[in-house]
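Here the structure is laid out as structure tokens; the discussion comes afterwards.
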Amino acid sequence: MPHVPHEIRLRAQERGLYRSDFEHDSCGVGFIAHLRGEASHTIIQKALQILENLEHRGAEGSDPQTGDGAGLLIQIPHGLFRAEAQRLGFTLPRRPGVYGVGMVFLPSDDELREQVEAMIEEIVREERQDLLGWRPVPVDLTACGPNARASMPTIKQFFVGPGTLTADPNALGRKLFVIRKRIENEARRRGLEEDEYPYVCSLSRRTIVYKGLLTPEQLPSFYADLADPRTETALSLVHQRFSTNTFPSWSRAHPYRRIAHNGEINTLRGNVNWMKAREPVLEAPVFGEDIEKIVPIVDPRGSDSAMFDDVLELLVHTGRSLPNAIMMMIPEAWQKHASMPPERRAFYEYHSCLMEPWDGPACIAFTDGRQIGAVLDRNGLRPARYTVTKDDLVIMASEAGVLDVPPDNVRAKNRLQPGRMFLVDTAAGTIVDDAIIKEEEATRRPWQRWLDESIVTMGEVPPAPRGSVPPPLDDASLRRQQKTHGYTKEDLRILMAPMAKDGKEAIGSMGNDTPLAVLSDRPQLLFNYFKQLFAQVTNPPIDPIREELVMTLRTTLGPESNLFEESPLHCRKLQLHGPILENEELEQIRALDRPGLRTQTLSGLFDPHAGPKGLGIALERLCRDAERAVQQGATLLILSDRGHDRDRAPIPSLLATSAVHHHLIRAGLRKNCGLIVESGEPREVMHFCLLIGYGAGGVNPYLAYESIGALVREGVVDEVSVDEAHRRYVKAVEKGILKVMSKMGISTLQSYRGAQIFEALGLGQSFVDRHFTGTPTHLDGVGLDTIAAEAIARHEEAWRRVRLDVVDDELDPGGSYQYRRRGEHHMWNPTTLATLQHAVRSGDYAKFQKFSAKANESAARSTIRGLLELAPGREPIPLEEVEPAAEIVRRFKTGAMSFGSISAEAHETLAVAMNRIGARSNSGEGGEDDARFEPDENGDWRRSAIKQVASGRFGVTIQYLNAAEEIQIKIAQGAKPGEGGQLPGHKVDEKIARVRHSTPGVGLISPPPHHDIYSIEDLSQLIFDLKNANPDARITVKLVSEVGVGTIAAGVAKAKADVILISCGSGGTGASPLTSIKHAGSPWEIGLAETQQTLVLNDLRGRVRLETDGQLKTGRDVVMAALLGAEEYGFGSISLITMGCIMMRVCHLNTCPVGVATQDPRLRARFAGQPDHVINFMTFVAEEVREIMASLGVRTMDELIGRVDWLRPRQDVDHPKAKQLDLSKLLHRPEVDHAISAVREQDHELELAMDTVLIEQARPALERGEPVEIRMPIRNVHRTACTMLSSKIARLDAPLPDGLVRIHFTGSAGQSFGAFLADGLDVTLEGDANDYFGKGMSGGRLVVYPPEGSDFPPEENIIIGNVSLYGATKGEVFIRGMAGERFAVRNSGAHAVVEGVGDHGCEYMTGGRVIVLGTTGRNFAAGMSGGIAYVLDVDAAFAGRVNKEMVELETLTSEDLAFVRSLVHRHYERTMSALAWRVLSGWKKESRRFVKVMPTEYKRVLTERGELRRPSHAGRTA
Amino acid sequence: MGKPTGFLEHERALPDRRPVDERVKDFREFERHLPIVEVQAQGARCMNCGIPFCHQGCPLGNAIPDWNDLVYRDQWREAIAALHATNNFPEVTGRICPAPCEEACVLNINDDPVTIEHIEMEIADRAWEEGWVKPEPAETQTGKSVGVVGSGPAGLACAQQLARAGHAVTVYERADRVGGLLRYGIPDFKMEKHHVDRRVAQMEAEGVTFRTGVEVGVDVTMDALRETHDAVVLAIGSTTPRDLPIEGRELDGVVFAMDFLTRQNKAVAGDAVPDPISAKGKHVVILGGGDTGSDCLGTSLRQGAASVTQIELMPRPPESREEAQPWPEYPMVLRTSSSQEEGGERDWSILTKAFEGEDGKLKRLRVARIEWVEGEDGRKRFEEVEGSETTIDCDLCLLAMGFVHPEVDGGLGVDTDERGNVAASLSDFATSAPDVFACGDARRGQSLVVWAIWEGREAARAVDAHLMGSSALPSSPRAA
């Protein structure tokens, strides 16, 4: 496989859509340490073994012999180096710790290498240290893969002896840090690229890093040092990488100098900006003048982990302890933690004034060579398990079982918990308890007193001066102001009124079919040129409602002090409870004038009569004013557009904010002040998010308040007072902001602020570089002139010469959400929609061509593909030579629409139609009636060929999965990427409840994340699980287009998806917040092109098929998609339209008048769609495709795929804004000769799964129904045990009787143990298991207990990992021991007994029974809408750990008690649990301690249905 | 928005019209009002469509869902504002429009459409009653002057828009009262004339000058007008009736419908009618099955005709929508007008071959039954049914077969298109003569009142832009 030369990669960045800074990685991480610090070579051997056992968490790229990187960090092997030095002719000091060792990657080119070495020597000399010598690191080139070899550096070590330094033992460490920073800076200055090196893996007096582009097995043979028995260490940090990219990069392997990281820093862009902004205020006495040498603190070329490492290292060098620095960078969720000690809260609050959290899912293992530890993010979204042995080893890793420890040697087995720190102090010989570390930090200084003295809350700020709050506007002025800011009737009626009335954002449905802002004919707000980014795959979004306890909008504003010191002045800041300020609050702040908190208001207006130039002038003036104000001591700046009038127009608020923000960063002043925006412009959630995302700490939307006041007075918002309406509006905005943050997996506003989690679409590169620095903008586009012209147009509209008739008083109709003739253009309009329906109903192709002409015309003014055309120059061929339409339609699919969101009639009509022509319909997320799995008598098949697996896992059983040709994992949905969903109770009728395994009348929640996909390696696991569950089905992963989706897709391809769907941000939905429909996700053209380019560049394209969807309507659309890289095509809204949908956009109201998207039987009776209508449409499109193919001289569709060279920008674009776009990046074709379309299948390696053995052994049961017993050992590398066997069982004609196949495993089971287990299996695991135990369990029984010989108390130790029984529908589970976080999440039918659970137990549960015989973590029963949990309240504190939003706590009835007792008894029988025995033997007393957790709605419905008295209602295992 | 479930809770309901035996005795309007709550319930039936096809079906682009919702929510004042935003004379269109909006209503797919037209009338009537409709003179005058020729719906709408934009507008009308077809074409039983008077008064208060009895080309030349005004708008309607030049056409008793209707309207208004045409005691035959024919029918009945027969060359339309005319198109179906409810006979596929009379007076028509067949070119042609020829007794034959083009031979100095209409495009409404514009039926040929108003409004915007460089007058562009 050819190595992709650096230049090509660079060109791909310059000319294409690929950007290396989008790369993500995540992986397996672990460490091993000797508790008392005894160094040995054994530790290294064990560390390597850990690494090997984590290998399945890594990935392989196009070259299977080259991994994504692996490495380990150890203590400096003094013995080895001293001997080696001697051999090489130089001497090392006698004692370790007084000299430094640098492990460095150098250029492979000899000449260059010599220059670099000289440079390093020079720097060491300049820092007045001695370079003791160089040592070429012995490596075995044959041990690494060809790609790795091609990019391999020369690897050397250099030794630095102490020169002139102070007596401080840390002085050497700091000096080494300075030297390293200087090497990096100097290399950058000389223009040396990362691939050309030097890269310093480590330079320390305590630790050294061995890493590279290697697989774990290769590591010890590649680095001879690691196999050398003289290499000894007491601790080792290991890491195995899974990157979304495969560009060989030796330096991006972990560990870094202090950390190894499994996770993602979502707020990175903001953290880096803020760090940059801090540099001018940094002063560290310990560094003295050296401080200048270490900036930039963050190496801009690094990965997120490297950047984190950079900052952590600096903090430690300036005197902070390692735990302190970690606590500051990754604080716990302290704001809403009621039971946290007050001192610790004060610690966090104080430190929140110093630095914003580095937020995102993370497991960070860290060490300074003496202490070694790990910490999880505040939400615990990464797995980490540890074992302490009786012989003093501590083993921590992403999963259990990475090292064999005999049961009788285990002292304790546990897991890391969210926000908790796990720290081993090898010097002190102890494991330091989280509480103790934090107690120490919490009491080290009088944090609370400092806070009390310095921090200013709004309650402490004097009331606003009398008369300072402006009076309400009169009607005419209000209208003028609204027009000035481009308000439309829709803004008021559709967006704002519901917020003011209900306190939440309005819901809409169907997709977005309006033009991109840059193509619109109407003046656009600057806000509309941005799209929200969102998390997909590489990190999970958060549920801002059910997991609210980790989220906060609290923030502080004001100047920041030197990061390296601690003083009361550091928290002299203004604290806000939320970012949205009422008028009164703003005036309070405006009047602030006290030391450290002085407010100054700056006017953000410009002269509209001066034309576009006026805006530029005003913007520059505003930036200068801001700079001067800060220099003169203002610490709070209010950017205000109040006072606009006939001659002064408001600067677009986002532009004012971001321009000042970036100007102050560049001027080194940003950290001296907080920014508040006072503007009439922001009104919807997206606006606020953008303002905050580009630096605002507070926003006062004064005109929104005024407008709501008017709505109340007019009675549009009724039953509330103006004040209350304002409060509700603010609440709605804040909820919306939380939601947008959560989509990206960001939990604190402080981290979101300035994090710029957006991409620009249609804004010019230079404009963005200047005012929105760092924001990606793929297609170039308009700049300040256009933005100014649009602002001026609004201003003119407001102030035009005469008052006309009543019409003039009216606002612009908008027409963005609903079609209006005077409003925004819609691709679905009366003409296109009606013409299409006429065509498919009459079967008239000529009519369809009329439709497609209209639709293409409409696309030309709305979409990017509309700006492209086929490049001329090919010979046409006769139409007959082109492959038939019947072949082409096989590539067509309908969109994922659940039965539940659409009616049974519509769902089945689609399925029948698509099955008739060999195309595929998609079940959506909602299960499917078993009755549909068999063909009808007339030969029609009502089952959907594609079965979707989404976060709710509704109806995802082993039978469902086996009734699929294709299984689609929905990571995100175009209309609302990063969000969950909710099916309101009134839509859950008997049938829907049955197929979703829930209760009729009870609402259902789909969580925002898949709780088994927090990272790319998790996705890889889920793909493997599903492939096991149905080896014949293709696995598709559905992503939504956004900047960076290409790199995600590369990861997904490596995770072995068979198909990747790049869905358009404009996609449809049954219900989604309007903000999401409009503002999240980008056009498929960009996402598809980026994906195609990235996959081709990485040589991954050949092994995966691409699919796209989003407003595809015509043959032209399909051909465009094919040329841009897609092999398959999805039709969503349009397939509904063919069946009669008339785009009411009321799917969420259940009132669809044509019976498509409703469950109301009266309306379903009106459904008039026919399979033939759908078939006509699909065939027509295929015919059009054929015609275009004939004109291109192409016989098969395969020839079209990826031929971007056959496209060119349309020559006749005359739209003034569209003309400014540059589409060349979209049409870039990487200069490599890799495959540009799918040419082979993924290798899922199913034949290696242990189930092949199980199936063989179970043959008598499968074939003849005879009982079978199997006994087998198991290891953590054996993943997804029993699932392929379950697939075999699911395909039998009749279910197996209970317990026909009994399997007994011993050992540590890998992930997804017993996933999708089928009836008839009775599986016992003697040992322990990792994450996703019993995922999707569909029957049978799972039993786990500790191995014989172990003597730790099981109920205090973790025996199974996180996210067990996710989406289980049936079955029985007995667990002797504790489970991790999210036990029984979304369980809808399984019965389980467990002896303790972590946080978020029984989350989103909808059915089944869970008995917990021990403690639970926090947030128990969040979002639980069904089923019952019985918890033994051992510490009488359970009630405080329950999320009571949806459940009630009750005492048990006699039926409950009988049920619990019998199940606990069975638990005892199966596991011999001592705890169960205690409970049973003391039943009279113990039974009173049980608490019943009962979902309120569930109880109501059961009572109504008279089912409450039967506790086993949900049905136990057969 | 209406109420999301409104259409499931309420059935379509219209007020009862006045009973036939009562209403044929006078010329008062037959429309009645519904109780307010009933109107609101009808508004609640509106489904707040993502694509309101009604809004497209309406030539004016009325924001129908918006005002339906406002009515539902009892916000009548806002409702009239929303209505006025696209329509100068909703009290007119609420009465006499064939309501293509209702055909296009989404509820009309599989249910009964919202009573859009009736709601429109209720809003307008309520607004007048409450005194919400006031003159809205321009804040400032532009100093430009515009002459509008013709005071039908197009001319009036155009004049009102131009006046509100600050231009000095003079409307020239050759008849002695303002209103054109509204005044003289539409019988009072469909729309009483005080509706027109009120609007004229409003427009006068807004600064529009009306000059009646002035025929351009006769009383004043076009050149003179162009001298006087910065721009001239021709809104002269399409007033040349289609004739039937067959044997006996000259007989006394063969009359153009408009001659008949105008006289009656004048009589109702109390004006002197020197040469009346009456149907009293006569056998009346109306040629033409359209709205004008129906108006003749209602008028004849009220005048006391002995019998009235309305015959039509075209075949009888189907009872309900046919596949070839799917929703949301305006279908050719059998409709029964209010006049047809009142009496008379209707027949279709009848060819009138000759008028026969005695002493120069019409006595009967010679007619034959025809059959429509599709020719080889795909066009429909008729063939006479052999042996079907017969006669119908007739003293008064009213020719209601439509209008062919405007009367432009009077020296207006503008080019016409191949159909004889004033040539002017929709983009600028400009005619071949400098500073002269045309709109309404004069430009597009005979059509609906809603089209006339739309044309008047759009032309006003074009004229304003022509005079001022740009126009802030609203536009309701024809849909995509």
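FYI, nothing fancy with the structure tokens labels: chains A, B, ... in order, residues from 1 per chain, ligands from 1 as they appear.
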Test item: residues at most 8 Å from region 766-773 of chain A, only C-alpha atoms, excluding those fewer than 6 positions along its chain, as a ChimeraX atom specification: /A:655,658-659,662-663,694,783-784
Region 171-380 of chain B: residues DSSP assigns to strand (DSSP E), reported as a PyMOL selection string: chain B and resi 171-173+209-212+231-234+240-241+254-256+283-287+307-311+345-347+350-358+361-374+380
Shell of 10 Å around Ile120 (chain A), only C-alpha atoms, local chain residues under 3 positions omitted, as a PDB file with N, CA, C and O atoms, in the first residue's frame:
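Below is the file part_27.pdb, written as the result:
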ATOM      1  N   GLU A 114      21.255  16.016  11.112  1.00  0.00           N
ATOM      2  CA  GLU A 114      22.429  16.631  11.743  1.00  0.00           C
ATOM      3  C   GLU A 114      22.156  18.078  12.106  1.00  0.00           C
ATOM      4  O   GLU A 114      22.532  18.553  13.177  1.00  0.00           O
ATOM      5  N   GLN A 115      21.462  18.762  11.210  1.00  0.00           N
ATOM      6  CA  GLN A 115      21.114  20.158  11.524  1.00  0.00           C
ATOM      7  C   GLN A 115      20.253  20.236  12.777  1.00  0.00           C
ATOM      8  O   GLN A 115      20.461  21.077  13.647  1.00  0.00           O
ATOM      9  N   VAL A 116      19.288  19.330  12.837  1.00  0.00           N
ATOM     10  CA  VAL A 116      18.371  19.361  13.982  1.00  0.00           C
ATOM     11  C   VAL A 116      19.133  19.020  15.263  1.00  0.00           C
ATOM     12  O   VAL A 116      18.937  19.658  16.303  1.00  0.00           O
ATOM     13  N   GLU A 117      19.991  18.035  15.176  1.00  0.00           N
ATOM     14  CA  GLU A 117      20.757  17.678  16.366  1.00  0.00           C
ATOM     15  C   GLU A 117      21.610  18.856  16.829  1.00  0.00           C
ATOM     16  O   GLU A 117      21.682  19.165  18.026  1.00  0.00           O
ATOM     17  N   ILE A 123      20.584  24.723  21.707  1.00  0.00           N
ATOM     18  CA  ILE A 123      19.583  25.181  22.680  1.00  0.00           C
ATOM     19  C   ILE A 123      19.965  24.748  24.091  1.00  0.00           C
ATOM     20  O   ILE A 123      19.902  25.526  25.039  1.00  0.00           O
ATOM     21  N   VAL A 124      20.401  23.503  24.200  1.00  0.00           N
ATOM     22  CA  VAL A 124      20.813  23.008  25.530  1.00  0.00           C
ATOM     23  C   VAL A 124      21.947  23.885  26.065  1.00  0.00           C
ATOM     24  O   VAL A 124      21.949  24.298  27.223  1.00  0.00           O
ATOM     25  N   ARG A 125      22.843  24.197  25.154  1.00  0.00           N
ATOM     26  CA  ARG A 125      23.990  25.025  25.561  1.00  0.00           C
ATOM     27  C   ARG A 125      23.512  26.411  25.975  1.00  0.00           C
ATOM     28  O   ARG A 125      23.890  26.931  27.010  1.00  0.00           O
ATOM     29  N   GLU A 126      22.647  26.990  25.170  1.00  0.00           N
ATOM     30  CA  GLU A 126      22.152  28.332  25.501  1.00  0.00           C
ATOM     31  C   GLU A 126      21.433  28.370  26.834  1.00  0.00           C
ATOM     32  O   GLU A 126      21.427  29.377  27.524  1.00  0.00           O
ATOM     33  N   LEU A 131      24.975  18.856  27.451  1.00  0.00           N
ATOM     34  CA  LEU A 131      24.473  17.717  26.712  1.00  0.00           C
ATOM     35  C   LEU A 131      25.470  16.590  26.885  1.00  0.00           C
ATOM     36  O   LEU A 131      26.584  16.650  26.381  1.00  0.00           O
ATOM     37  N   PHE A 158      18.770  11.769  24.049  1.00  0.00           N
ATOM     38  CA  PHE A 158      19.899  12.611  24.469  1.00  0.00           C
ATOM     39  C   PHE A 158      19.804  12.857  25.959  1.00  0.00           C
ATOM     40  O   PHE A 158      18.725  12.859  26.544  1.00  0.00           O
ATOM     41  N   ILE A 179      13.727  23.806  27.608  1.00  0.00           N
ATOM     42  CA  ILE A 179      14.508  23.320  26.454  1.00  0.00           C
ATOM     43  C   ILE A 179      13.576  22.693  25.427  1.00  0.00           C
ATOM     44  O   ILE A 179      13.664  22.960  24.230  1.00  0.00           O
ATOM     45  N   ARG A 180      12.647  21.893  25.929  1.00  0.00           N
ATOM     46  CA  ARG A 180      11.736  21.247  24.987  1.00  0.00           C
ATOM     47  C   ARG A 180      10.902  22.276  24.225  1.00  0.00           C
ATOM     48  O   ARG A 180      10.742  22.206  23.006  1.00  0.00           O
ATOM     49  N   ARG A 182      11.622  25.243  23.610  1.00  0.00           N
ATOM     50  CA  ARG A 182      12.466  25.976  22.661  1.00  0.00           C
ATOM     51  C   ARG A 182      12.739  25.140  21.412  1.00  0.00           C
ATOM     52  O   ARG A 182      12.784  25.675  20.304  1.00  0.00           O
ATOM     53  N   ILE A 183      12.926  23.850  21.630  1.00  0.00           N
ATOM     54  CA  ILE A 183      13.139  22.984  20.462  1.00  0.00           C
ATOM     55  C   ILE A 183      11.904  23.047  19.552  1.00  0.00           C
ATOM     56  O   ILE A 183      12.004  23.210  18.337  1.00  0.00           O
ATOM     57  N   GLU A 184      10.734  22.960  20.176  1.00  0.00           N
ATOM     58  CA  GLU A 184       9.492  23.003  19.387  1.00  0.00           C
ATOM     59  C   GLU A 184       9.356  24.339  18.655  1.00  0.00           C
ATOM     60  O   GLU A 184       9.042  24.378  17.463  1.00  0.00           O
ATOM     61  N   GLU A 186      11.651  26.519  17.908  1.00  0.00           N
ATOM     62  CA  GLU A 186      12.694  26.731  16.919  1.00  0.00           C
ATOM     63  C   GLU A 186      12.391  25.902  15.656  1.00  0.00           C
ATOM     64  O   GLU A 186      12.546  26.393  14.543  1.00  0.00           O
ATOM     65  N   ALA A 187      11.927  24.676  15.876  1.00  0.00           N
ATOM     66  CA  ALA A 187      11.598  23.824  14.730  1.00  0.00           C
ATOM     67  C   ALA A 187      10.481  24.467  13.920  1.00  0.00           C
ATOM     68  O   ALA A 187      10.508  24.489  12.693  1.00  0.00           O
ATOM     69  N   PRO A 198      11.926  17.649  14.316  1.00  0.00           N
ATOM     70  CA  PRO A 198      12.017  16.817  15.506  1.00  0.00           C
ATOM     71  C   PRO A 198      10.694  16.797  16.266  1.00  0.00           C
ATOM     72  O   PRO A 198       9.912  17.737  16.193  1.00  0.00           O
TER      73      PRO A 198
END
For chain B versus chain A, which residues have an atom no more than 8 Å away, and what is each residue's nearest atom pair and distance in Å rounded to one decimal, using only C-alpha atoms, chain-then-number order, as a tab-separated table?
residue	atom	partner	partner_atom	distance
B:Pro4	CA	A:Thr1151	CA	6.7
B:Thr5	CA	A:Thr1151	CA	6.5
B:Met47	CA	A:Met1144	CA	7.9
B:Asn48	CA	A:Met1144	CA	7.3
B:Cys49	CA	A:Met1144	CA	4.4
B:Gly50	CA	A:Met1144	CA	4.3
B:Ile51	CA	A:Tyr819	CA	5.1
B:Pro52	CA	A:Tyr819	CA	6.8
B:Phe53	CA	A:Pro830	CA	5.9
B:His55	CA	A:Arg820	CA	7.5
B:Gln56	CA	A:Pro830	CA	6.8
B:Gly61	CA	A:Arg821	CA	6.5
B:Ala63	CA	A:Arg820	CA	7.6
B:Ala81	CA	A:Val806	CA	6.2
B:Ala82	CA	A:Val807	CA	7.6
B:His84	CA	A:Val807	CA	6.8
B:Ala85	CA	A:Val807	CA	4.6
B:Thr86	CA	A:Val807	CA	7.9
B:Val106	CA	A:Ile1142	CA	7.9
B:Leu107	CA	A:Pro1153	CA	7.4
B:Asn110	CA	A:Arg1166	CA	6.9
B:Glu136	CA	A:Asp805	CA	5.9
B:Pro137	CA	A:Asp805	CA	7.9
B:Ala138	CA	A:Leu804	CA	6.1
B:Glu139	CA	A:Val802	CA	5.7
B:Thr140	CA	A:Val802	CA	6.3
B:Arg164	CA	A:Leu804	CA	5.6
B:Ala165	CA	A:Leu804	CA	6.0
B:Gly166	CA	A:Val802	CA	7.7
B:Pro326	CA	A:His838	CA	7.0
B:Trp327	CA	A:Ala834	CA	7.6
B:Pro328	CA	A:Ala834	CA	7.0
B:Ala472	CA	A:Arg800	CA	7.4
B:Leu473	CA	A:Leu804	CA	7.5
B:Pro474	CA	A:Val807	CA	7.5
B:Ser475	CA	A:Arg822	CA	7.2
B:Ser476	CA	A:Arg822	CA	5.6
B:Pro477	CA	A:Arg821	CA	6.5
B:Arg478	CA	A:Arg821	CA	7.3
B:Ala479	CA	A:Arg821	CA	5.9
B:Ala480	CA	A:Thr831	CA	6.8
Shell of 8 Å around region 149-151 of chain B, only C-alpha atoms, local chain residues under 3 positions omitted, as a ChimeraX atom specification: /B:154-156,171-174,178-180,216,232-237
Selection: 8 Å around region 676-684 of chain A, only C-alpha atoms, excl. self and same-chain fewer than 4 positions, as a list in words: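 Near region 676-684 of chain A, the qualifying residues are Gln481, Gln482, His485, Gly486, Leu495, Met496, Leu636, Leu637, Ile638, Leu639, Ser640, Asp641, Arg642, Pro652, Ser653, Thr657, Phe688, Leu691, Ala696, Gly697, Gly698, Val699, Asn700, Pro701, Tyr702, Leu703, Ala704, Val733 and Thr1075 of chain A.
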Closest of B:Pro276, B:Ala79, B:Ser300, B:Leu251 to Gly360 (chain B) - atom-to-atom distances counting only C-alpha atoms: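 Ranked by minimum distance to Gly360 (chain B), first place goes to B:Leu251.
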Per-residue DSSP, region 149-356 of chain B, filtered to helix (DSSP H, G or I), as JSON, numbers by chain: {"B": [153, 154, 155, 156, 157, 158, 159, 160, 161, 162, 163, 164, 181, 182, 183, 184, 194, 195, 196, 197, 198, 199, 200, 201, 202, 203, 204, 205, 222, 223, 224, 225, 226, 227, 228, 257, 258, 259, 260, 261, 262, 263, 264, 265, 266, 267, 268, 269, 291, 292, 293, 294, 295, 296, 297, 298, 299, 300, 301, 302, 303, 338, 339, 340, 341, 342]}
9 Å contact set for His317 (chain A), only C-alpha atoms, chain neighbours under 4 positions out, as a list in words: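 My list of contacting residues is Asn170, Ala171, Gly173, Arg174, Phe177, Val286, Phe287, Leu312, Glu313 and Ser321 of chain A.
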Exercise: Lys25 (chain B) partners within 9 Å, only C-alpha atoms, chain neighbours under 6 positions left out, as a list in words: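 Surrounding residues, per the criterion: Leu301, Arg302, Gln303 and Gly304 of chain B.
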Would you save the residues of that selection, restricted to C-alpha atoms, as a PDB file, in the first residue's frame?
ATOM      1  CA  LEU B 301     -86.278  36.008 -12.258  1.00  0.00           C
ATOM      2  CA  ARG B 302     -86.500  39.106 -10.119  1.00  0.00           C
ATOM      3  CA  GLN B 303     -87.952  41.058 -13.006  1.00  0.00           C
ATOM      4  CA  GLY B 304     -90.672  38.442 -13.317  1.00  0.00           C
TER       5      GLY B 304
END
